[in-house]
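**Student:** Take this structure, written in structure tokens, and hold onto it; I'll ask about it next.
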Amino acid sequence: MIENVAKLMQQITHGVYVIAVSDGNKKNAFTASWVMQVSFDPLLLAFSINPQHYSYELLQRGGICSINVLEQGQLDVAAHFAQPYSEEKMKLYDWEYDKTQSSILSECLAYFDCNVSDYMAAGDHEIVICRVLKAGFKGKEKPLLYIETANMDDSQKKYK
Ligand SMILES: Cc1cc2nc3c(=O)[nH]c(=O)nc-3n(C[C@H](O)[C@H](O)[C@H](O)COP(=O)(O)O)c2cc1C
């Protein structure tokens, strides 16, 4: 048994992201922290998703996503998209569209507009590898950090 595992995992530096997924007109987005770059050329990002999320099926069907980097001052955005799917979830925020037609948060630090290229099983999550087709800056602050979300993801209850 490892003591303080939730706190220890927060020492591995992660940002906070809103990952938007869509299958045609069906759209959703969720807060994520487990995101990383995995290749220079082609430019690939990977993230880890719980297949029980509503977003998972849309991601699988639609095959596109945007990874939106949250900045300092956007803790409320992280909390909003950490809620489970509801019809209202996307409506409170403004969205823009670029190369893949994924929803891109109008207000965030930066965004990556992606095609999904692979899935890999990883315990109770799946790793999704995405190819970045377009990306850009939107904000000017420093990135929000996972450690600053405290127990927003309720992770203290998730370790055995
Ligand atoms: C700070 C934070 C980080 C999170 N990181 C992830 C993550 O990396 N992967 C994941 O699948 N869920 C993550 N979650 C949980 C989802 O955001 C949450 O379960 C959400 O309700 C899923 O939305 P959906 O059911 O509408 O798809 C995180 C939540 C928080 C608050």
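Going through the structure tokens in order, the chains are called A, B, and so on, while each chain numbers its residues from 1 and the ligands are numbered from 1 in the order shown.
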Could you report the residues within 6 Å of ligand 1, using only C-alpha atoms and all ligand atoms, as JSON, numbers by chain?

**Tutor:** {"A": [30, 31, 32, 33, 34, 48, 49, 50, 53, 54, 55, 79, 81, 82, 83, 84, 85, 146, 149, 152, 153]}

**Student:** Let me see the file: selected residues, N, CA, C and O atoms, as a PDB file, in the first residue's frame.

**Tutor:**
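Printed below is part10.pdb as written:
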```pdb
ATOM      1  N   PHE A  30     -14.789  17.333 -21.961  1.00  0.00           N
ATOM      2  CA  PHE A  30     -14.506  16.949 -20.574  1.00  0.00           C
ATOM      3  C   PHE A  30     -13.138  17.472 -20.163  1.00  0.00           C
ATOM      4  O   PHE A  30     -12.254  17.681 -20.994  1.00  0.00           O
ATOM      5  N   THR A  31     -12.986  17.678 -18.869  1.00  0.00           N
ATOM      6  CA  THR A  31     -11.712  18.123 -18.300  1.00  0.00           C
ATOM      7  C   THR A  31     -10.757  16.941 -18.225  1.00  0.00           C
ATOM      8  O   THR A  31     -11.161  15.838 -17.845  1.00  0.00           O
ATOM      9  N   ALA A  32      -9.500  17.166 -18.592  1.00  0.00           N
ATOM     10  CA  ALA A  32      -8.490  16.101 -18.522  1.00  0.00           C
ATOM     11  C   ALA A  32      -7.161  16.668 -18.059  1.00  0.00           C
ATOM     12  O   ALA A  32      -6.855  17.839 -18.301  1.00  0.00           O
ATOM     13  N   SER A  33      -6.386  15.816 -17.413  1.00  0.00           N
ATOM     14  CA  SER A  33      -5.020  16.209 -17.030  1.00  0.00           C
ATOM     15  C   SER A  33      -3.970  15.294 -17.631  1.00  0.00           C
ATOM     16  O   SER A  33      -2.812  15.679 -17.751  1.00  0.00           O
ATOM     17  N   TRP A  34      -4.396  14.093 -17.975  1.00  0.00           N
ATOM     18  CA  TRP A  34      -3.406  13.121 -18.440  1.00  0.00           C
ATOM     19  C   TRP A  34      -3.201  13.283 -19.938  1.00  0.00           C
ATOM     20  O   TRP A  34      -3.720  12.506 -20.754  1.00  0.00           O
ATOM     21  N   SER A  48      -5.330  10.176 -21.896  1.00  0.00           N
ATOM     22  CA  SER A  48      -5.917   8.977 -21.309  1.00  0.00           C
ATOM     23  C   SER A  48      -7.371   9.261 -20.969  1.00  0.00           C
ATOM     24  O   SER A  48      -7.673  10.275 -20.331  1.00  0.00           O
ATOM     25  N   ILE A  49      -8.256   8.393 -21.435  1.00  0.00           N
ATOM     26  CA  ILE A  49      -9.698   8.615 -21.208  1.00  0.00           C
ATOM     27  C   ILE A  49     -10.323   7.381 -20.571  1.00  0.00           C
ATOM     28  O   ILE A  49     -10.004   6.243 -20.942  1.00  0.00           O
ATOM     29  N   ASN A  50     -11.204   7.639 -19.628  1.00  0.00           N
ATOM     30  CA  ASN A  50     -11.996   6.572 -19.019  1.00  0.00           C
ATOM     31  C   ASN A  50     -13.101   6.194 -20.012  1.00  0.00           C
ATOM     32  O   ASN A  50     -13.921   7.037 -20.363  1.00  0.00           O
ATOM     33  N   HIS A  53     -16.782   7.373 -19.790  1.00  0.00           N
ATOM     34  CA  HIS A  53     -17.265   8.748 -20.005  1.00  0.00           C
ATOM     35  C   HIS A  53     -18.189   8.795 -21.218  1.00  0.00           C
ATOM     36  O   HIS A  53     -17.940   8.121 -22.230  1.00  0.00           O
ATOM     37  N   TYR A  54     -19.177   9.651 -21.144  1.00  0.00           N
ATOM     38  CA  TYR A  54     -20.059   9.896 -22.289  1.00  0.00           C
ATOM     39  C   TYR A  54     -19.211  10.281 -23.510  1.00  0.00           C
ATOM     40  O   TYR A  54     -19.500   9.881 -24.646  1.00  0.00           O
ATOM     41  N   SER A  55     -18.161  11.060 -23.284  1.00  0.00           N
ATOM     42  CA  SER A  55     -17.314  11.551 -24.379  1.00  0.00           C
ATOM     43  C   SER A  55     -16.660  10.432 -25.183  1.00  0.00           C
ATOM     44  O   SER A  55     -16.329  10.618 -26.355  1.00  0.00           O
ATOM     45  N   ALA A  79     -13.777  22.940 -13.552  1.00  0.00           N
ATOM     46  CA  ALA A  79     -14.843  22.339 -12.723  1.00  0.00           C
ATOM     47  C   ALA A  79     -16.092  22.095 -13.565  1.00  0.00           C
ATOM     48  O   ALA A  79     -16.758  21.057 -13.429  1.00  0.00           O
ATOM     49  N   PHE A  81     -16.373  21.435 -16.858  1.00  0.00           N
ATOM     50  CA  PHE A  81     -16.274  20.319 -17.798  1.00  0.00           C
ATOM     51  C   PHE A  81     -15.912  19.005 -17.109  1.00  0.00           C
ATOM     52  O   PHE A  81     -15.876  17.959 -17.765  1.00  0.00           O
ATOM     53  N   ALA A  82     -15.695  19.057 -15.798  1.00  0.00           N
ATOM     54  CA  ALA A  82     -15.501  17.819 -15.038  1.00  0.00           C
ATOM     55  C   ALA A  82     -16.847  17.205 -14.639  1.00  0.00           C
ATOM     56  O   ALA A  82     -16.902  16.089 -14.130  1.00  0.00           O
ATOM     57  N   GLN A  83     -17.931  17.941 -14.880  1.00  0.00           N
ATOM     58  CA  GLN A  83     -19.256  17.376 -14.577  1.00  0.00           C
ATOM     59  C   GLN A  83     -19.637  16.380 -15.670  1.00  0.00           C
ATOM     60  O   GLN A  83     -19.232  16.538 -16.823  1.00  0.00           O
ATOM     61  N   PRO A  84     -20.449  15.378 -15.299  1.00  0.00           N
ATOM     62  CA  PRO A  84     -20.868  14.420 -16.321  1.00  0.00           C
ATOM     63  C   PRO A  84     -21.716  15.096 -17.406  1.00  0.00           C
ATOM     64  O   PRO A  84     -22.241  16.190 -17.197  1.00  0.00           O
ATOM     65  N   TYR A  85     -21.869  14.421 -18.529  1.00  0.00           N
ATOM     66  CA  TYR A  85     -22.617  14.973 -19.670  1.00  0.00           C
ATOM     67  C   TYR A  85     -24.004  15.457 -19.268  1.00  0.00           C
ATOM     68  O   TYR A  85     -24.707  14.813 -18.515  1.00  0.00           O
ATOM     69  N   TYR A 146      -2.408  20.916 -12.783  1.00  0.00           N
ATOM     70  CA  TYR A 146      -3.248  19.888 -12.153  1.00  0.00           C
ATOM     71  C   TYR A 146      -3.240  20.020 -10.635  1.00  0.00           C
ATOM     72  O   TYR A 146      -4.285  19.929  -9.987  1.00  0.00           O
ATOM     73  N   THR A 149      -5.811  22.069  -8.945  1.00  0.00           N
ATOM     74  CA  THR A 149      -7.222  21.657  -8.924  1.00  0.00           C
ATOM     75  C   THR A 149      -7.563  20.919  -7.630  1.00  0.00           C
ATOM     76  O   THR A 149      -8.705  20.517  -7.433  1.00  0.00           O
ATOM     77  N   MET A 152     -10.468  18.195  -7.064  1.00  0.00           N
ATOM     78  CA  MET A 152     -11.603  18.398  -7.966  1.00  0.00           C
ATOM     79  C   MET A 152     -12.016  17.105  -8.682  1.00  0.00           C
ATOM     80  O   MET A 152     -13.186  16.875  -8.966  1.00  0.00           O
ATOM     81  N   ASP A 153     -11.022  16.246  -8.979  1.00  0.00           N
ATOM     82  CA  ASP A 153     -11.348  14.989  -9.687  1.00  0.00           C
ATOM     83  C   ASP A 153     -11.666  13.850  -8.728  1.00  0.00           C
ATOM     84  O   ASP A 153     -11.841  12.714  -9.161  1.00  0.00           O
TER      85      ASP A 153
END
```

**Student:** Report as a PyMOL selection string all protein, DNA and RNA residues lying within 12 Å of region 87-101 of chain A, evaluated on only C-alpha atoms, omitting residues in the same chain fewer than 2 positions from it.

**Tutor:** chain A and resi 18-31+54-55+62-66+68+76-77+79-85+103-108+111-116+131-136+138

**Student:** Neighbours of Met120 (chain A) within 12 Å (only C-alpha atoms; same-chain residues fewer than 2 positions away dropped), as number ranges by chain?

**Tutor:** A: 46-51, 116-118, 122-130

**Student:** If DSSP is run on the backbone, what residues of region 5-156 of chain A are strand (DSSP E)? A reply as an MDAnalysis selection string would be ideal.

**Tutor:** chainID A and resid 17:23 26:32 35:39 44:49 64:69 95:97 103:105 110:122 125:137

**Student:** List as number ranges by chain the protein and nucleic acid residues near Lys158 (chain A), meaning an atom at most 12 Å away when only C-alpha atoms are counted, but skip any in the same chain fewer than 2 places from it.

**Tutor:** A: 4-7, 9, 124, 151, 153-156, 160

**Student:** Would you compute the distance between CA of Glu71 (chain A) and CA of Tyr119 (chain A)? Give it in Å to one decimal.

**Tutor:** 27.6 Å

**Student:** From the options A:Met1, A:Val69, A:Leu59, A:Ala150, which residue's atoms come nearest to Ser102 (chain A), counting only C-alpha atoms?

**Tutor:**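 That would be A:Leu59, the residue with the smallest distance to Ser102 (chain A).
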